[in-house]
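Participant: Take a look at target_11.cif, mmCIF, C-alpha atoms:
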```
data_my_file
#
loop_
_atom_site.label_atom_id
_atom_site.label_comp_id
_atom_site.auth_asym_id
_atom_site.auth_seq_id
_atom_site.Cartn_x
_atom_site.Cartn_y
_atom_site.Cartn_z
CA MET A 442 -27.20 -20.03 23.92
CA LYS A 443 -27.25 -22.75 21.25
CA LYS A 444 -31.07 -22.74 21.17
CA LYS A 445 -31.07 -18.96 20.78
CA PHE A 446 -28.40 -19.23 18.04
CA TYR A 447 -30.69 -21.43 15.96
CA LYS A 448 -33.85 -19.50 16.82
CA TYR A 449 -32.78 -15.89 16.34
CA GLN A 450 -29.71 -15.86 14.10
CA ALA A 451 -30.29 -16.54 10.41
CA GLN A 452 -28.41 -19.61 9.18
CA THR A 453 -26.85 -20.38 5.82
CA THR A 454 -26.52 -24.16 6.18
CA ASN A 455 -28.46 -26.84 8.00
CA ASN A 456 -25.44 -28.04 9.96
CA PRO A 457 -23.16 -25.23 11.19
CA LEU A 458 -20.22 -26.32 13.32
CA ALA A 459 -21.90 -24.50 16.25
CA LEU A 460 -18.95 -24.15 18.61
CA GLU A 461 -19.98 -21.86 21.47
CA ILE A 462 -16.97 -19.56 21.75
CA SER A 463 -15.56 -18.38 25.06
CA HIS A 464 -12.32 -16.73 23.95
CA ALA A 465 -9.42 -17.10 21.54
CA GLU A 466 -5.69 -16.48 21.67
CA GLY A 467 -2.81 -17.17 19.33
CA SER A 468 -3.53 -20.33 17.33
CA TYR A 469 -6.30 -21.52 19.67
CA ILE A 470 -10.03 -21.02 20.11
CA TYR A 471 -11.73 -21.97 23.39
CA ASP A 472 -15.35 -23.00 23.86
CA LYS A 473 -17.72 -22.48 26.79
CA ASN A 474 -16.79 -25.91 28.14
CA LYS A 475 -13.16 -24.75 28.50
CA ARG A 476 -12.02 -27.01 25.69
CA LYS A 477 -9.36 -25.61 23.37
CA TYR A 478 -9.18 -26.12 19.63
CA LEU A 479 -6.13 -25.64 17.43
CA ASP A 480 -7.27 -23.34 14.63
CA PHE A 481 -6.15 -24.31 11.12
CA VAL A 482 -8.69 -21.99 9.46
CA ALA A 483 -7.95 -18.52 10.95
CA GLY A 484 -11.42 -17.16 10.30
CA VAL A 485 -11.12 -18.29 6.66
CA SER A 486 -7.70 -16.72 6.02
CA ALA A 487 -8.50 -13.56 7.98
CA SER A 488 -6.71 -13.70 11.34
CA ASN A 489 -3.22 -13.80 9.87
CA LEU A 490 -1.31 -12.99 13.06
CA GLY A 491 -3.41 -15.20 15.28
CA HIS A 492 -6.22 -14.41 17.67
CA ARG A 493 -6.02 -11.40 19.98
CA ASN A 494 -2.62 -10.35 18.71
CA LYS A 495 -1.27 -8.04 21.42
CA SER A 496 -0.04 -5.29 19.10
CA ILE A 497 -3.31 -5.17 17.17
CA SER A 498 -5.32 -5.20 20.39
CA LYS A 499 -3.29 -2.29 21.75
CA ALA A 500 -3.73 -0.28 18.53
CA VAL A 501 -7.50 -0.84 18.50
CA LYS A 502 -7.91 0.18 22.16
CA LYS A 503 -5.78 3.26 21.61
CA GLN A 504 -7.92 4.35 18.65
CA ILE A 505 -11.19 3.66 20.47
CA ASP A 506 -10.07 6.06 23.18
CA LYS A 507 -9.67 8.79 20.53
CA TYR A 508 -12.69 8.47 18.23
CA TRP A 509 -14.76 5.88 16.35
CA HIS A 510 -16.90 6.63 13.34
CA VAL A 511 -16.98 10.33 12.52
CA MET A 512 -17.84 10.70 8.83
CA VAL A 513 -18.45 8.74 5.65
CA TYR A 514 -15.48 7.59 3.58
CA GLY A 515 -13.09 10.16 2.22
CA GLU A 516 -14.42 13.37 3.80
CA PHE A 517 -12.42 13.75 7.02
CA ILE A 518 -8.70 13.14 7.46
CA GLN A 519 -8.32 10.23 9.85
CA GLU A 520 -4.75 9.35 10.75
CA PRO A 521 -4.91 5.52 10.89
CA THR A 522 -6.77 5.40 7.58
CA VAL A 523 -4.26 7.65 5.80
CA LYS A 524 -1.28 5.85 7.31
CA LEU A 525 -2.64 2.46 6.23
CA CYS A 526 -2.99 3.62 2.63
CA GLU A 527 0.50 5.15 2.79
CA LEU A 528 2.09 1.95 4.07
CA LEU A 529 0.34 -0.08 1.39
CA SER A 530 1.57 2.37 -1.25
CA LYS A 531 5.18 1.95 -0.11
CA ASN A 532 5.01 -1.82 -0.50
CA VAL A 533 3.35 -2.28 -3.90
CA PRO A 534 4.34 -1.24 -7.45
CA ARG A 535 3.76 2.43 -8.22
CA SER A 536 0.85 1.62 -10.54
CA LEU A 537 -1.02 0.28 -7.48
CA SER A 538 -0.12 3.08 -5.09
CA ASN A 539 -3.61 4.55 -4.55
CA THR A 540 -6.04 2.64 -2.34
CA TYR A 541 -9.76 2.76 -1.67
CA LEU A 542 -10.77 1.07 1.60
CA THR A 543 -14.10 -0.76 1.82
CA ASN A 544 -16.04 -2.84 4.34
CA SER A 545 -15.28 -6.18 2.70
CA GLY A 546 -13.55 -7.88 -0.18
CA THR A 547 -16.88 -8.29 -1.93
CA GLU A 548 -17.53 -4.55 -1.84
CA ALA A 549 -14.05 -3.97 -3.22
CA ILE A 550 -14.88 -6.31 -6.11
CA GLU A 551 -18.03 -4.29 -6.80
CA ALA A 552 -16.03 -1.07 -6.83
CA ALA A 553 -13.42 -2.62 -9.14
CA MET A 554 -16.13 -3.67 -11.59
CA LYS A 555 -17.43 -0.12 -11.69
CA LEU A 556 -13.96 1.37 -12.05
CA ALA A 557 -13.10 -0.96 -14.94
CA LYS A 558 -16.14 0.26 -16.85
CA ARG A 559 -15.18 3.88 -16.23
CA ILE A 560 -11.56 3.36 -17.30
CA THR A 561 -12.31 1.47 -20.50
CA GLY A 562 -15.78 2.64 -21.50
CA ARG A 563 -16.64 -1.01 -22.08
CA THR A 564 -19.04 -3.38 -20.34
CA LYS A 565 -17.89 -6.93 -21.12
CA ILE A 566 -16.23 -8.73 -18.22
CA VAL A 567 -14.36 -12.01 -18.42
CA ALA A 568 -13.98 -14.20 -15.35
CA ALA A 569 -12.93 -17.76 -14.56
CA LYS A 570 -15.00 -20.91 -14.30
CA ASN A 571 -15.23 -21.95 -10.66
CA GLY A 572 -14.04 -18.50 -9.63
CA TYR A 573 -15.41 -16.83 -6.52
CA HIS A 574 -15.38 -13.12 -5.76
CA GLY A 575 -18.19 -12.64 -3.27
CA ASN A 576 -21.95 -12.95 -2.92
CA THR A 577 -23.48 -9.61 -3.83
CA GLN A 578 -25.25 -9.66 -7.18
CA GLY A 579 -22.41 -8.00 -9.08
CA ALA A 580 -19.77 -10.27 -7.58
CA MET A 581 -22.06 -13.25 -8.07
CA SER A 582 -22.38 -12.34 -11.75
CA ILE A 583 -18.69 -13.12 -12.21
CA MET A 584 -18.86 -16.23 -10.03
CA GLY A 585 -18.12 -19.16 -12.31
CA PHE A 586 -20.33 -21.67 -10.52
CA GLU A 587 -23.86 -21.82 -11.87
CA GLU A 588 -25.28 -24.01 -9.10
CA ARG A 589 -24.71 -21.27 -6.51
CA LYS A 590 -26.17 -18.41 -8.54
CA ARG A 591 -28.98 -19.96 -10.60
CA ALA A 592 -31.63 -19.03 -8.03
CA TYR A 593 -30.69 -15.35 -8.17
CA ARG A 594 -30.87 -14.66 -11.88
CA PRO A 595 -31.15 -12.35 -13.71
CA LEU A 596 -27.67 -11.10 -12.87
CA LEU A 597 -25.38 -8.73 -14.78
CA PRO A 598 -25.27 -9.30 -18.53
CA ASN A 599 -22.25 -9.43 -20.84
CA ILE A 600 -20.15 -11.78 -18.69
CA ASP A 601 -18.01 -14.47 -20.32
CA PHE A 602 -16.08 -17.27 -18.63
CA ILE A 603 -12.73 -18.87 -19.32
CA GLU A 604 -11.12 -21.93 -17.80
CA PHE A 605 -8.35 -21.12 -15.34
CA ASN A 606 -4.92 -22.27 -16.60
CA ASN A 607 -6.31 -22.95 -20.10
CA SER A 608 -4.24 -20.80 -22.45
CA ASN A 609 -6.55 -21.57 -25.39
CA ASP A 610 -9.46 -19.84 -23.66
CA ILE A 611 -7.60 -16.54 -23.56
CA ILE A 612 -8.90 -15.82 -27.05
CA LYS A 613 -12.23 -14.85 -25.44
CA ILE A 614 -10.52 -11.70 -24.15
CA ASP A 615 -11.19 -9.27 -27.00
CA ASN A 616 -11.48 -5.57 -27.80
CA GLN A 617 -14.95 -5.48 -26.23
CA THR A 618 -13.57 -6.60 -22.87
CA ALA A 619 -13.39 -4.07 -20.05
CA ALA A 620 -11.63 -6.35 -17.59
CA VAL A 621 -10.61 -9.86 -16.72
CA PHE A 622 -11.27 -10.83 -13.11
CA LEU A 623 -9.15 -13.68 -11.78
CA GLU A 624 -8.20 -14.96 -8.36
CA THR A 625 -4.41 -15.14 -8.38
CA ILE A 626 -4.89 -18.52 -6.70
CA GLN A 627 -8.37 -19.95 -7.17
CA GLY A 628 -9.93 -20.37 -3.74
CA GLY A 629 -13.34 -22.04 -3.81
CA ALA A 630 -12.25 -24.23 -6.72
CA GLY A 631 -9.66 -25.99 -4.58
CA PHE A 632 -6.66 -23.65 -4.14
CA ILE A 633 -5.52 -23.97 -7.74
CA THR A 634 -2.27 -22.16 -8.54
CA PRO A 635 -1.46 -20.72 -11.98
CA ILE A 636 0.89 -22.78 -14.14
CA ASN A 637 2.85 -22.37 -17.39
CA ASN A 638 3.01 -18.56 -17.12
CA TYR A 639 -0.77 -18.46 -17.33
CA LEU A 640 -1.22 -15.10 -15.59
CA LYS A 641 1.51 -13.54 -17.72
CA LYS A 642 -0.24 -14.76 -20.87
CA VAL A 643 -3.54 -13.29 -19.66
CA LYS A 644 -1.87 -9.96 -18.90
CA GLU A 645 -0.25 -9.85 -22.33
CA LYS A 646 -3.62 -10.50 -23.97
CA CYS A 647 -5.24 -7.79 -21.84
CA ASP A 648 -2.55 -5.32 -22.86
CA GLU A 649 -3.02 -6.28 -26.51
CA VAL A 650 -6.75 -5.41 -26.48
CA ASN A 651 -6.55 -2.59 -23.89
CA ALA A 652 -8.49 -4.54 -21.26
CA LEU A 653 -7.66 -4.51 -17.56
CA LEU A 654 -6.38 -7.43 -15.53
CA ILE A 655 -7.97 -7.33 -12.08
CA LEU A 656 -6.54 -9.79 -9.58
CA ASP A 657 -8.52 -10.89 -6.55
CA GLU A 658 -6.10 -11.45 -3.66
CA ILE A 659 -8.75 -11.46 -0.96
CA GLN A 660 -7.52 -14.86 0.25
CA PRO A 661 -3.84 -15.15 -0.77
CA GLY A 662 -2.89 -11.54 -0.02
CA ILE A 663 -1.06 -10.06 2.99
CA GLY A 664 1.70 -12.62 3.37
CA ARG A 665 -0.22 -15.88 3.14
CA THR A 666 1.92 -17.26 0.31
CA GLY A 667 5.23 -15.91 1.60
CA LYS A 668 5.05 -12.58 -0.22
CA LEU A 669 2.87 -9.62 0.59
CA PHE A 670 0.75 -10.39 -2.49
CA SER A 671 0.83 -13.63 -4.39
CA PHE A 672 1.04 -11.97 -7.82
CA GLU A 673 4.67 -11.24 -6.88
CA HIS A 674 5.43 -14.93 -7.45
CA TYR A 675 4.33 -14.76 -11.08
CA ASN A 676 6.23 -11.83 -12.61
CA ILE A 677 3.19 -9.68 -13.40
CA ILE A 678 1.49 -6.58 -12.05
CA PRO A 679 -2.32 -6.31 -12.26
CA ASP A 680 -4.05 -3.11 -13.34
CA ILE A 681 -6.28 -3.23 -10.28
CA LEU A 682 -5.60 -5.26 -7.14
CA VAL A 683 -8.43 -6.33 -4.82
CA PHE A 684 -7.74 -7.63 -1.32
CA GLY A 685 -9.17 -7.88 2.19
CA LYS A 686 -9.48 -10.68 4.76
CA GLY A 687 -5.89 -10.91 6.10
CA LEU A 688 -5.42 -7.13 5.88
CA GLY A 689 -7.67 -6.48 8.88
CA GLY A 690 -6.02 -8.85 11.34
CA GLY A 691 -9.44 -10.29 12.13
CA PHE A 692 -11.46 -7.11 11.56
CA PRO A 693 -13.76 -6.61 8.54
CA ILE A 694 -12.06 -4.79 5.68
CA GLY A 695 -11.59 -4.78 1.93
CA ALA A 696 -9.56 -2.67 -0.46
CA LEU A 697 -8.78 -2.02 -4.09
CA SER A 698 -5.59 -0.43 -5.33
CA SER A 699 -4.65 1.07 -8.68
CA SER A 700 -2.97 4.20 -9.98
CA LYS A 701 -4.03 7.60 -8.66
CA GLU A 702 -5.01 8.62 -12.19
CA ARG A 703 -7.45 5.74 -12.47
CA MET A 704 -8.86 6.10 -8.97
CA GLU A 705 -9.56 9.78 -9.68
CA LEU A 706 -12.41 8.63 -11.92
CA PHE A 707 -14.51 7.97 -8.83
CA LYS A 708 -14.55 11.77 -8.29
CA LYS A 709 -16.25 12.86 -11.51
CA ASN A 710 -18.90 12.04 -14.11
CA PRO A 711 -20.55 11.27 -11.73
CA ILE A 712 -19.12 12.43 -8.44
CA LEU A 713 -19.31 9.91 -5.60
CA GLY A 714 -18.56 7.11 -8.06
CA HIS A 715 -18.26 4.71 -5.17
CA ILE A 716 -19.37 5.63 -1.68
CA THR A 717 -19.41 3.78 1.61
CA THR A 718 -20.35 4.79 5.14
CA PHE A 719 -17.96 2.60 7.11
CA GLY A 720 -15.16 1.91 4.62
CA GLY A 721 -11.87 3.14 6.09
CA HIS A 722 -13.35 3.05 9.60
CA PRO A 723 -10.62 4.42 11.91
CA VAL A 724 -10.72 1.57 14.44
CA ILE A 725 -10.52 -1.09 11.74
CA ALA A 726 -7.85 0.91 9.91
CA ALA A 727 -5.83 1.05 13.15
CA ALA A 728 -6.05 -2.74 13.39
CA ALA A 729 -5.11 -3.19 9.75
CA LEU A 730 -2.21 -0.75 10.02
CA GLU A 731 -0.71 -2.56 13.00
CA ASN A 732 -1.32 -5.91 11.34
CA LEU A 733 0.45 -4.76 8.18
CA LYS A 734 3.34 -3.24 10.10
CA GLU A 735 3.97 -6.47 11.98
CA THR A 736 3.58 -8.61 8.86
CA LEU A 737 6.21 -6.50 7.09
CA SER A 738 8.67 -6.04 9.95
CA SER A 739 8.57 -9.33 11.86
CA GLY A 740 10.05 -11.56 9.20
CA ILE A 741 7.00 -13.82 9.38
CA MET A 742 6.71 -14.03 5.59
CA LYS A 743 10.16 -15.62 5.44
CA THR A 744 8.87 -18.54 7.56
CA ILE A 745 5.96 -19.42 5.28
CA LYS A 746 7.77 -21.69 2.82
CA LYS A 747 9.33 -23.73 5.63
CA LYS A 748 5.93 -24.15 7.27
CA GLU A 749 4.37 -25.16 3.95
CA ASN A 750 7.07 -27.78 3.46
CA LEU A 751 6.43 -29.16 6.95
CA PHE A 752 2.71 -29.53 6.22
CA ARG A 753 3.45 -31.29 2.95
CA LYS A 754 5.96 -33.62 4.62
CA LEU A 755 3.66 -34.60 7.50
CA LEU A 756 0.40 -34.92 5.57
CA GLN A 757 1.13 -38.06 3.61
CA HIS A 758 -1.74 -40.54 3.62
CA LYS A 759 -3.49 -42.96 1.25
CA LEU A 760 -6.73 -40.98 1.54
CA ILE A 761 -5.06 -37.70 0.51
CA LYS A 762 -4.84 -37.60 -3.30
CA GLU A 763 -2.88 -34.35 -3.43
CA ILE A 764 -2.12 -31.13 -1.58
CA ARG A 765 -2.89 -27.99 -3.59
CA GLY A 766 -2.08 -24.38 -2.94
CA LYS A 767 0.87 -22.26 -1.93
CA GLY A 768 2.34 -21.12 1.37
CA LEU A 769 -0.22 -21.41 4.15
CA MET A 770 -3.11 -21.54 1.70
CA LEU A 771 -3.33 -25.31 1.35
CA ALA A 772 -6.11 -27.71 0.39
CA LEU A 773 -6.10 -31.43 1.04
CA ILE A 774 -7.83 -33.14 -1.87
CA MET A 775 -9.35 -36.28 -0.45
CA LYS A 776 -10.33 -39.56 -2.10
CA ASN A 777 -13.99 -38.50 -2.08
CA LYS A 778 -16.32 -35.88 -0.59
CA LYS A 779 -17.51 -38.19 2.19
CA ILE A 780 -13.98 -38.47 3.54
CA ALA A 781 -13.53 -34.68 3.29
CA LYS A 782 -16.72 -34.14 5.29
CA GLU A 783 -15.79 -36.70 7.93
CA LEU A 784 -12.25 -35.36 8.29
CA VAL A 785 -13.53 -31.88 9.20
CA ILE A 786 -16.14 -33.15 11.65
CA LYS A 787 -13.96 -35.77 13.37
CA SER A 788 -10.98 -33.42 13.58
CA LEU A 789 -13.19 -30.95 15.42
CA ASP A 790 -14.08 -33.73 17.86
CA ASN A 791 -10.33 -34.14 18.38
CA GLY A 792 -9.62 -30.46 19.02
CA LEU A 793 -8.62 -29.32 15.53
CA ILE A 794 -10.54 -26.80 13.42
CA LEU A 795 -10.55 -27.48 9.67
CA PHE A 796 -13.10 -26.39 7.07
CA TRP A 797 -14.35 -27.09 3.58
CA LEU A 798 -14.08 -25.11 0.35
CA LEU A 799 -16.99 -23.62 -1.58
CA PHE A 800 -17.02 -25.58 -4.82
CA GLU A 801 -14.58 -28.48 -4.52
CA SER A 802 -16.40 -31.01 -2.36
CA LYS A 803 -13.35 -33.26 -1.95
CA ALA A 804 -11.22 -30.45 -0.49
CA VAL A 805 -10.37 -29.63 3.12
CA ARG A 806 -8.98 -26.19 3.91
CA ILE A 807 -5.75 -25.62 5.83
CA THR A 808 -5.22 -21.87 6.32
CA PRO A 809 -3.83 -21.42 9.84
CA PRO A 810 -2.61 -18.11 11.21
CA LEU A 811 0.73 -17.22 9.63
CA SER A 812 2.05 -17.15 13.19
CA VAL A 813 1.37 -20.88 13.70
CA ASN A 814 4.52 -22.53 15.05
CA GLU A 815 6.14 -25.84 14.11
CA ASN A 816 4.93 -27.68 17.22
CA GLU A 817 1.35 -26.60 16.47
CA ILE A 818 1.72 -27.76 12.87
CA LYS A 819 2.99 -31.15 14.06
CA LEU A 820 0.16 -31.44 16.56
CA GLY A 821 -2.53 -30.59 14.00
CA CYS A 822 -1.08 -32.89 11.36
CA LYS A 823 -0.97 -35.73 13.88
CA VAL A 824 -4.71 -35.25 14.50
CA ILE A 825 -5.39 -35.30 10.76
CA ILE A 826 -3.39 -38.47 10.17
CA ASN A 827 -4.99 -40.21 13.16
CA VAL A 828 -8.47 -39.33 11.92
CA LEU A 829 -7.64 -40.52 8.40
CA ASP A 830 -6.26 -43.78 9.79
CA GLN A 831 -9.59 -44.35 11.51
CA LEU A 832 -11.54 -43.49 8.37
CA TYR A 833 -9.28 -45.72 6.25
CA ASN A 834 -9.81 -48.69 8.53
CA VAL A 835 -13.57 -48.16 8.55
CA ASP A 836 -13.65 -47.78 4.77
#
```
Please express the file's structure as structure tokens.
Facilitator:
Amino acid sequence: MKKKFYKYQAQTTNNPLALEISHAEGSYIYDKNKRKYLDFVAGVSASNLGHRNKSISKAVKKQIDKYWHVMVYGEFIQEPTVKLCELLSKNVPRSLSNTYLTNSGTEAIEAAMKLAKRITGRTKIVAAKNGYHGNTQGAMSIMGFEERKRAYRPLLPNIDFIEFNNSNDIIKIDNQTAAVFLETIQGGAGFITPINNYLKKVKEKCDEVNALLILDEIQPGIGRTGKLFSFEHYNIIPDILVFGKGLGGGFPIGALSSSKERMELFKKNPILGHITTFGGHPVIAAAALENLKETLSSGIMKTIKKKENLFRKLLQHKLIKEIRGKGLMLALIMKNKKIAKELVIKSLDNGLILFWLLFESKAVRITPPLSVNENEIKLGCKVIINVLDQLYNVD
């Protein structure tokens, strides 16, 4: 199978981790050699309630026995899709109570860019340096990392960039600006959290010039930081909220939420302002609905801070310069990129799945399922410390 993997499936790097997967359950992934790996990545912040969650599995099987794809987005009334949007509406501020479901977070970003232009009548977009919002050409246009997008120019014009957490840069948000796109917590840059009321200052500037604040919660959303959405930590409400990943419980989904009045603009001048064949797919919506129900009702979000504290307590080492992030969205910033690379590879050899970040080469991702328990945290941290001890001695 490995030979066929390299021969027939297009690759995006020269050295994929190339585990041959047999099955997965809870916090563990198993390979074809019957070896189990503790998963501290969760499909890159996607499988929030662990692998093969029983409630989600039951909901998916139940929906499959009824119907699968029946019509493009928004034409037929499909119960799991409607109920998902309803449950989201009941758990966000009223100004975010109308939701458009997409196939991915990236598609939701694209739709949000279009909607911002319709709402404001403007075309200028401001985004953050080292920000990441996806890999389609629109989303890549607001990616603040030139090395990754240089080969694909020309991209969208009229994009300006500001430095995250730099209050002086906010002046670039002016009366020509349609929207400011920010990750509530910067992901690819190294899990950088906002400080000194930064997001509040950006929102105030947006309000002053009638621009929109669009927050990308594709990674930190759906309980990962201890609240349903991480903007709740920072005393602001975005004009448009974009999310995905953890919403689907391991199934592909994206979404954007705003007011009903604003979302109505997709219906006119022109009609079909954003269309998608598989967005709101009933089977995926059934998975997302059950995932959201359990996230809200189980009390799991109340455990996140304690689990974060345990990680921070156990992961003390001379090769770890700092631990960034919030909740179970943590990044170990290593002494150098070589150590970061070796930590991921050698941890895998020792039965622990870690991963890198997009732009910060010294970072190692820790985003386990929210359902990870304390014994699993202790086990994984022990592997990390043991690997770092070996690397420290070699160095």
Participant: For A:Leu773, which residue out of A:Ile681, A:Asn651, A:Gly631, A:Asn827 is the nearest one, using only C-alpha atoms?
Facilitator: A:Gly631
Participant: What does the PyMOL selection byres ((chain A and resi 489-499) around 9) select in this file, as a PyMOL selection string?
Facilitator: chain A and resi 465-470+483-484+486-488+500-504+663-665+686-691+727-732+735-736+809-813
Participant: Quick check on the file I pasted: which residues fall under the PyMOL selection byres ((chain A and resi 524) around 12)? Write them as a PyMOL selection string.
Facilitator: chain A and resi 518-523+525-531+540+721+723+726-731+733-734
Participant: Do you have the atom CA of A:Lys754-atom CA of A:Leu769 distance handy?
Facilitator: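 Interatomic distance, atom CA of A:Lys754 to atom CA of A:Leu769: 13.7 Å.
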Participant: If you measure from atom CA of A:Phe602 to atom CA of A:Ala569, what distance in Å do you get, rounded to one decimal?
Facilitator: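 Distance reported for this atom pair: 5.2 Å.
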Participant: Could you tell me how far atom CA of A:Lys646 lies from atom CA of A:Asn609, in Å and to one decimal?
Facilitator: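 Atom CA of A:Asn609 lies at a distance of 11.5 Å from atom CA of A:Lys646.
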Participant: Of the residues A:Thr543, A:Ser582, A:Gln757, A:Asn777, which is the one nearest to A:Lys823, using all atoms listed in the file?
Facilitator: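 Result for the nearest residue to A:Lys823: A:Gln757.
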Participant: Exactly which residues make up the result of the PyMOL selection byres ((chain A and resi 585) around 7) on this file, given as a PyMOL selection string?
Facilitator: chain A and resi 569-573+583-584+586-587+602
